[in-house]
Structures are given as C-alpha cells and as structure tokens.
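These notes are about the structure you will find just below.
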Amino acid sequence: RPPDFDLTVADWLTAIILGIVEGVTEYLPVSSTGHLILATELLGYDQDYWNVFNIAIQPGAILAIVVLYWKTFWDVAKGLLGWDRGAVTFTRNLLIAFFPAVILGLLFGDWIELMLGNAVIVCWALIIGGVAILAVEKWANPPATGAGVSGVPFHTAILIGIVQCLAMIPGVSRSGATILGAMAFGVDRKTAAEFSFFLAVPTLTGATVYQLAKHPDSLQGDYLGLIAIGAAVSFI
C-alpha cells in the first residue's frame, strides 16, 4: 500500500507525466480519466496503485478554472450575499446539475471503481464518444448567443447533470458529455462550455473527496506527495 511504498525517481516522473495528461485533457472533450488509464496501461504502471492518484490530482485542474474565472466566482459570491437573482440562478443551476452525479456516485461507486482499471472499456468509450461528437456537431443547432449559465432553464440544467453522469464510464469525457449535451438541449456553444467548466468545480471536488475518503491510506506517506506533484503539474 502507498505508506509502505519506497518511491523512486521513476515514481516522481510518473506523477509528472500523469499530471501533464490530466491538465491537457481535463477540459477537452477527450476524457481525462480515460487517457490517464491508457497512460498507466501503456507505460506498464500498476493500475491499482495509480487509480486513486488519477482521481485525486483533479483539484489541480479545478484550481485552474477558479483562477481563470476568479472574477465570475467573486461576482457570484457577492451576489449571493445580496440575494442577486443572477447569482442565485447561477448557483442553483450548478447544484442541480451536480446532484445526479452525487446520487449515482454513492449508489454505484464500487462498480464504477472496478471499471477504472479496464482499458478495453476506455477504448470503446473513446470510439463511441468520438462518433457522438461528430453526430452532435452535425445535427445540433444551438443558438449563436445565449444568456449565460444563469440563463439556462431549470429543466435543462437537470438534463445536463444527467448527461454528465455518462462520464462515470471511464473513457466518456465529462466535458464532452456536458458541452455536447447542453448544445443538443438548445444551449449556445459558449454557455455550454462555461457551464461544463463551472460544473467541474463541485463534480471533480466531490469525486476527489469521495475517493480519498474511501482510501484514507492515500493521505499518508510519500503517496500524498505524489498526489501534490500531479495536482500542481495539472494546474500549470
């Protein structure tokens, strides 16, 4: 287990490589988790050892969004204090879209974790996801502009949250599912992308906390240092 594992230079280099993979792929519609699984498989790493790491480094990518969109988060925080309608609906939409993932994650967490080590599932999901991207791009007809995340209707936020749950299958892109799902439901491309980015904050935070709570031994020894390095690289 991680606390008893003697780290080598190769382990630190592995953490850096996987951090790069996470940072590059998290907000592209190509499944960061799927690519991390394939990277550990292709490079001959122990899947069981690196599975928790692959989930736990996601806060780096989350922090990147918080930094890049700090003004939006700041305005929403101030708006919530004054019960501003736009800030309230912005927060409501994200929480509503996040809720389905919480329910399914708690119900099927163990089953989902078993799939994390299956590269075959990842490969099929990447292929099917690629076809889905082409199909939505061809047939979806979203408006050119929209009212932003706070302007997304209640029922559409729920549907986006349900579509996001597809990303619990390794190889299905979370950002791809939410962006393309939103576009298919009539949300403009810019708002769909921003909704996906903002929704990543509670979703990836929740997934990380859940994994670390299930594997408290990951918070001990040098394994925590590996997670910190991976998260820092993914942020950069």
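Identifiers for the structure tokens are assigned positionally: chains receive A, B, ... in sequence, residues are indexed from 1 per chain, and ligands are indexed from 1 in the order shown.
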Would you mind listing what lies within 10 Å of segment 130-137 of chain A as a PyMOL selection string, with only C-alpha atoms counted and same-chain residues fewer than 2 positions away left out? chain A and resi 29-30+124-128+139-142+172-173+176-177+179-181+183-184
Using the selection just defined, write its residues with N, CA, C and O atoms as a short mmCIF file (atom, residue, chain, number, x, y, z; two decimals), in the first residue's frame.
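Here's the written file again-v4.cif:
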```
data_model
loop_
_atom_site.label_atom_id
_atom_site.label_comp_id
_atom_site.auth_asym_id
_atom_site.auth_seq_id
_atom_site.Cartn_x
_atom_site.Cartn_y
_atom_site.Cartn_z
N PRO A 29 -12.85 17.64 -24.83
CA PRO A 29 -13.84 16.55 -24.85
C PRO A 29 -13.23 15.20 -25.23
O PRO A 29 -13.67 14.56 -26.18
N VAL A 30 -12.19 14.79 -24.51
CA VAL A 30 -11.48 13.56 -24.87
C VAL A 30 -11.31 12.61 -23.68
O VAL A 30 -10.62 11.60 -23.81
N TRP A 124 -13.42 1.50 -26.04
CA TRP A 124 -14.75 1.52 -26.66
C TRP A 124 -15.46 2.83 -26.38
O TRP A 124 -16.14 3.39 -27.27
N ALA A 125 -15.32 3.34 -25.17
CA ALA A 125 -15.98 4.60 -24.83
C ALA A 125 -15.42 5.76 -25.63
O ALA A 125 -16.16 6.66 -26.06
N LEU A 126 -14.11 5.76 -25.87
CA LEU A 126 -13.49 6.81 -26.68
C LEU A 126 -13.99 6.77 -28.11
O LEU A 126 -14.26 7.81 -28.73
N ILE A 127 -14.13 5.57 -28.66
CA ILE A 127 -14.61 5.42 -30.04
C ILE A 127 -16.07 5.89 -30.14
O ILE A 127 -16.42 6.69 -31.02
N ILE A 128 -16.91 5.39 -29.25
CA ILE A 128 -18.33 5.76 -29.28
C ILE A 128 -18.49 7.26 -29.01
O ILE A 128 -19.30 7.94 -29.65
N TRP A 139 -25.83 17.56 -36.26
CA TRP A 139 -27.29 17.72 -36.18
C TRP A 139 -27.77 18.72 -35.14
O TRP A 139 -28.89 19.22 -35.25
N ALA A 140 -26.97 19.03 -34.15
CA ALA A 140 -27.41 20.01 -33.15
C ALA A 140 -27.40 21.40 -33.79
O ALA A 140 -26.52 21.72 -34.60
N ASN A 141 -28.36 22.20 -33.42
CA ASN A 141 -28.46 23.55 -33.98
C ASN A 141 -28.65 24.56 -32.86
O ASN A 141 -29.71 25.18 -32.74
N PRO A 142 -27.62 24.73 -32.01
CA PRO A 142 -27.75 25.66 -30.88
C PRO A 142 -27.78 27.10 -31.37
O PRO A 142 -27.27 27.41 -32.46
N VAL A 172 -15.52 8.08 -21.22
CA VAL A 172 -16.52 9.06 -21.62
C VAL A 172 -16.10 10.41 -21.05
O VAL A 172 -15.92 10.55 -19.84
N SER A 173 -15.95 11.39 -21.90
CA SER A 173 -15.47 12.70 -21.46
C SER A 173 -16.55 13.46 -20.70
O SER A 173 -17.67 13.64 -21.20
N GLY A 176 -16.93 16.74 -22.58
CA GLY A 176 -17.58 16.46 -23.85
C GLY A 176 -19.06 16.16 -23.68
O GLY A 176 -19.91 16.68 -24.43
N ALA A 177 -19.40 15.33 -22.68
CA ALA A 177 -20.80 14.97 -22.45
C ALA A 177 -21.63 16.19 -22.08
O ALA A 177 -22.74 16.38 -22.60
N ILE A 179 -20.89 19.52 -22.55
CA ILE A 179 -20.92 20.54 -23.60
C ILE A 179 -21.85 20.11 -24.74
O ILE A 179 -22.74 20.86 -25.15
N LEU A 180 -21.66 18.90 -25.23
CA LEU A 180 -22.46 18.43 -26.35
C LEU A 180 -23.91 18.20 -25.93
O LEU A 180 -24.84 18.47 -26.69
N GLY A 181 -24.11 17.71 -24.68
CA GLY A 181 -25.46 17.55 -24.18
C GLY A 181 -26.19 18.87 -24.10
O GLY A 181 -27.34 19.00 -24.51
N MET A 183 -25.56 21.60 -25.80
CA MET A 183 -25.83 22.07 -27.16
C MET A 183 -27.03 21.35 -27.76
O MET A 183 -27.86 21.95 -28.45
N ALA A 184 -27.12 20.04 -27.50
CA ALA A 184 -28.25 19.27 -28.01
C ALA A 184 -29.57 19.72 -27.38
O ALA A 184 -30.64 19.59 -28.00
#
```
Write out as an NGL selection string all residues of segment 106-142 of chain A that backbone DSSP assigns to helix (DSSP H, G or I). :A and (106-115 or 119-139)
Expected file contents, prior selection, N, CA, C and O atoms, as a short mmCIF file (atom, residue, chain, number, x, y, z; two decimals), in the first residue's frame:
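Once written, out38.cif looks like this:
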```cif
data_model
loop_
_atom_site.label_atom_id
_atom_site.label_comp_id
_atom_site.auth_asym_id
_atom_site.auth_seq_id
_atom_site.Cartn_x
_atom_site.Cartn_y
_atom_site.Cartn_z
N LEU A 106 -22.81 7.62 -5.24
CA LEU A 106 -22.99 6.92 -3.98
C LEU A 106 -23.58 5.53 -4.17
O LEU A 106 -23.23 4.58 -3.46
N LEU A 107 -24.47 5.39 -5.15
CA LEU A 107 -25.13 4.11 -5.39
C LEU A 107 -24.21 3.10 -6.08
O LEU A 107 -24.23 1.91 -5.77
N PHE A 108 -23.41 3.59 -7.03
CA PHE A 108 -22.63 2.68 -7.87
C PHE A 108 -21.13 2.94 -7.79
O PHE A 108 -20.38 2.57 -8.70
N GLY A 109 -20.68 3.57 -6.70
CA GLY A 109 -19.27 3.91 -6.56
C GLY A 109 -18.33 2.73 -6.71
O GLY A 109 -17.31 2.81 -7.40
N ASP A 110 -18.66 1.61 -6.05
CA ASP A 110 -17.79 0.43 -6.12
C ASP A 110 -17.72 -0.14 -7.53
O ASP A 110 -16.65 -0.54 -8.00
N TRP A 111 -18.85 -0.17 -8.21
CA TRP A 111 -18.91 -0.69 -9.58
C TRP A 111 -18.12 0.21 -10.52
O TRP A 111 -17.38 -0.27 -11.39
N ILE A 112 -18.25 1.52 -10.32
CA ILE A 112 -17.50 2.47 -11.15
C ILE A 112 -16.00 2.31 -10.94
O ILE A 112 -15.21 2.35 -11.88
N GLU A 113 -15.61 2.09 -9.69
CA GLU A 113 -14.19 1.94 -9.38
C GLU A 113 -13.60 0.71 -10.04
O GLU A 113 -12.43 0.70 -10.45
N LEU A 114 -14.40 -0.36 -10.16
CA LEU A 114 -13.92 -1.56 -10.84
C LEU A 114 -13.61 -1.29 -12.31
O LEU A 114 -12.68 -1.86 -12.88
N MET A 115 -14.39 -0.39 -12.92
CA MET A 115 -14.18 -0.08 -14.34
C MET A 115 -12.94 0.76 -14.58
O MET A 115 -12.42 0.82 -15.71
N ALA A 119 -8.96 -1.02 -19.46
CA ALA A 119 -8.59 -0.22 -20.62
C ALA A 119 -9.48 -0.51 -21.82
O ALA A 119 -9.65 0.34 -22.70
N VAL A 120 -10.06 -1.72 -21.89
CA VAL A 120 -10.94 -2.08 -23.01
C VAL A 120 -12.19 -1.20 -23.00
O VAL A 120 -12.64 -0.70 -24.04
N ILE A 121 -12.76 -1.01 -21.80
CA ILE A 121 -13.93 -0.14 -21.68
C ILE A 121 -13.58 1.27 -22.12
O ILE A 121 -14.36 1.94 -22.82
N VAL A 122 -12.40 1.74 -21.73
CA VAL A 122 -11.96 3.08 -22.12
C VAL A 122 -11.88 3.21 -23.63
O VAL A 122 -12.37 4.18 -24.22
N CYS A 123 -11.30 2.23 -24.29
CA CYS A 123 -11.14 2.29 -25.75
C CYS A 123 -12.48 2.35 -26.45
O CYS A 123 -12.69 3.17 -27.36
N TRP A 124 -13.42 1.50 -26.04
CA TRP A 124 -14.75 1.52 -26.66
C TRP A 124 -15.46 2.83 -26.38
O TRP A 124 -16.14 3.39 -27.27
N ALA A 125 -15.32 3.34 -25.17
CA ALA A 125 -15.98 4.60 -24.83
C ALA A 125 -15.42 5.76 -25.63
O ALA A 125 -16.16 6.66 -26.06
N LEU A 126 -14.11 5.76 -25.87
CA LEU A 126 -13.49 6.81 -26.68
C LEU A 126 -13.99 6.77 -28.11
O LEU A 126 -14.26 7.81 -28.73
N ILE A 127 -14.13 5.57 -28.66
CA ILE A 127 -14.61 5.42 -30.04
C ILE A 127 -16.07 5.89 -30.14
O ILE A 127 -16.42 6.69 -31.02
N ILE A 128 -16.91 5.39 -29.25
CA ILE A 128 -18.33 5.76 -29.28
C ILE A 128 -18.49 7.26 -29.01
O ILE A 128 -19.30 7.94 -29.65
N GLY A 129 -17.69 7.77 -28.08
CA GLY A 129 -17.75 9.20 -27.79
C GLY A 129 -17.34 10.05 -28.98
O GLY A 129 -17.93 11.11 -29.23
N GLY A 130 -16.34 9.60 -29.73
CA GLY A 130 -15.92 10.33 -30.93
C GLY A 130 -17.04 10.40 -31.96
O GLY A 130 -17.27 11.45 -32.58
N VAL A 131 -17.74 9.27 -32.15
CA VAL A 131 -18.88 9.25 -33.08
C VAL A 131 -19.97 10.20 -32.58
O VAL A 131 -20.59 10.93 -33.38
N ALA A 132 -20.22 10.20 -31.27
CA ALA A 132 -21.25 11.07 -30.70
C ALA A 132 -20.91 12.54 -30.92
O ALA A 132 -21.79 13.36 -31.23
N ILE A 133 -19.64 12.90 -30.78
CA ILE A 133 -19.22 14.29 -31.01
C ILE A 133 -19.52 14.70 -32.45
O ILE A 133 -20.08 15.77 -32.71
N LEU A 134 -19.17 13.84 -33.41
CA LEU A 134 -19.44 14.15 -34.82
C LEU A 134 -20.93 14.27 -35.08
O LEU A 134 -21.37 15.15 -35.83
N ALA A 135 -21.73 13.39 -34.44
CA ALA A 135 -23.18 13.41 -34.66
C ALA A 135 -23.80 14.69 -34.11
O ALA A 135 -24.62 15.34 -34.79
N VAL A 136 -23.41 15.07 -32.89
CA VAL A 136 -23.99 16.28 -32.30
C VAL A 136 -23.56 17.52 -33.08
O VAL A 136 -24.36 18.43 -33.33
N GLU A 137 -22.30 17.56 -33.48
CA GLU A 137 -21.83 18.70 -34.27
C GLU A 137 -22.60 18.83 -35.58
O GLU A 137 -22.83 19.93 -36.08
N LYS A 138 -23.00 17.70 -36.15
CA LYS A 138 -23.70 17.71 -37.44
C LYS A 138 -25.16 18.10 -37.30
O LYS A 138 -25.70 18.87 -38.11
N TRP A 139 -25.83 17.56 -36.26
CA TRP A 139 -27.29 17.72 -36.18
C TRP A 139 -27.77 18.72 -35.14
O TRP A 139 -28.89 19.22 -35.25
#
```
Excluding segment 55-64 of chain A and residues on its chain fewer than 2 positions from it, collect all residues at most 8 Å away from it, counting only C-alpha atoms, and give them as number ranges by chain. A: 19, 22-23, 26, 33, 51-53, 66-68, 200-201, 204-205, 207-209, 211-212, 227-228, 230-236
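We find atom CA of Phe99 of chain A and atom CA of Ile169 of chain A to be spaced 17.2 Å apart.
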Suppose you want the space between atom CA of Gly146 of chain A and atom CA of Ile158 of chain A; what is it in Å? 17.8 Å
Considering only C-alpha atoms, return as a PDB file with all heavy atoms, in the first residue's frame whatever protein or nucleic-acid residues lie within 9 Å of Phe197 of chain A, sequence-local ones (same chain, fewer than 5 positions apart) excluded.
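In the end it all went to part-v8.pdb:
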```
ATOM      1  N   TYR A  27     -10.237  19.543 -19.765  1.00  0.00           N
ATOM      2  CA  TYR A  27     -11.266  20.431 -20.292  1.00  0.00           C
ATOM      3  C   TYR A  27     -11.405  20.342 -21.810  1.00  0.00           C
ATOM      4  O   TYR A  27     -12.041  21.185 -22.436  1.00  0.00           O
ATOM      5  CB  TYR A  27     -10.988  21.867 -19.838  1.00  0.00           C
ATOM      6  CG  TYR A  27     -11.130  21.974 -18.336  1.00  0.00           C
ATOM      7  CD1 TYR A  27     -10.008  22.034 -17.513  1.00  0.00           C
ATOM      8  CD2 TYR A  27     -12.380  21.957 -17.741  1.00  0.00           C
ATOM      9  CE1 TYR A  27     -10.144  22.095 -16.135  1.00  0.00           C
ATOM     10  CE2 TYR A  27     -12.520  22.015 -16.364  1.00  0.00           C
ATOM     11  CZ  TYR A  27     -11.402  22.087 -15.569  1.00  0.00           C
ATOM     12  OH  TYR A  27     -11.529  22.133 -14.208  1.00  0.00           O
ATOM     13  N   ILE A  62      -9.158  21.805 -11.227  1.00  0.00           N
ATOM     14  CA  ILE A  62     -10.233  22.621 -10.663  1.00  0.00           C
ATOM     15  C   ILE A  62      -9.713  24.011 -10.323  1.00  0.00           C
ATOM     16  O   ILE A  62     -10.347  25.027 -10.633  1.00  0.00           O
ATOM     17  CB  ILE A  62     -10.794  21.960  -9.376  1.00  0.00           C
ATOM     18  CG1 ILE A  62     -11.381  20.592  -9.695  1.00  0.00           C
ATOM     19  CG2 ILE A  62     -11.852  22.856  -8.730  1.00  0.00           C
ATOM     20  CD1 ILE A  62     -11.708  19.784  -8.455  1.00  0.00           C
ATOM     21  N   ILE A  65      -9.465  26.471 -13.176  1.00  0.00           N
ATOM     22  CA  ILE A  65     -10.734  27.119 -13.545  1.00  0.00           C
ATOM     23  C   ILE A  65     -11.061  28.247 -12.579  1.00  0.00           C
ATOM     24  O   ILE A  65     -11.500  29.336 -12.971  1.00  0.00           O
ATOM     25  CB  ILE A  65     -11.879  26.087 -13.556  1.00  0.00           C
ATOM     26  CG1 ILE A  65     -11.747  25.198 -14.795  1.00  0.00           C
ATOM     27  CG2 ILE A  65     -13.244  26.757 -13.542  1.00  0.00           C
ATOM     28  CD1 ILE A  65     -11.915  25.956 -16.104  1.00  0.00           C
ATOM     29  N   SER A 175     -16.395  16.721 -19.846  1.00  0.00           N
ATOM     30  CA  SER A 175     -16.607  17.998 -20.516  1.00  0.00           C
ATOM     31  C   SER A 175     -17.314  17.798 -21.857  1.00  0.00           C
ATOM     32  O   SER A 175     -18.191  18.581 -22.235  1.00  0.00           O
ATOM     33  CB  SER A 175     -15.271  18.725 -20.724  1.00  0.00           C
ATOM     34  OG  SER A 175     -14.372  17.942 -21.473  1.00  0.00           O
ATOM     35  N   ALA A 192     -22.550  26.606 -23.101  1.00  0.00           N
ATOM     36  CA  ALA A 192     -22.374  25.172 -22.848  1.00  0.00           C
ATOM     37  C   ALA A 192     -20.975  24.886 -22.319  1.00  0.00           C
ATOM     38  O   ALA A 192     -20.796  24.115 -21.363  1.00  0.00           O
ATOM     39  CB  ALA A 192     -22.630  24.384 -24.128  1.00  0.00           C
TER      40      ALA A 192
END
```
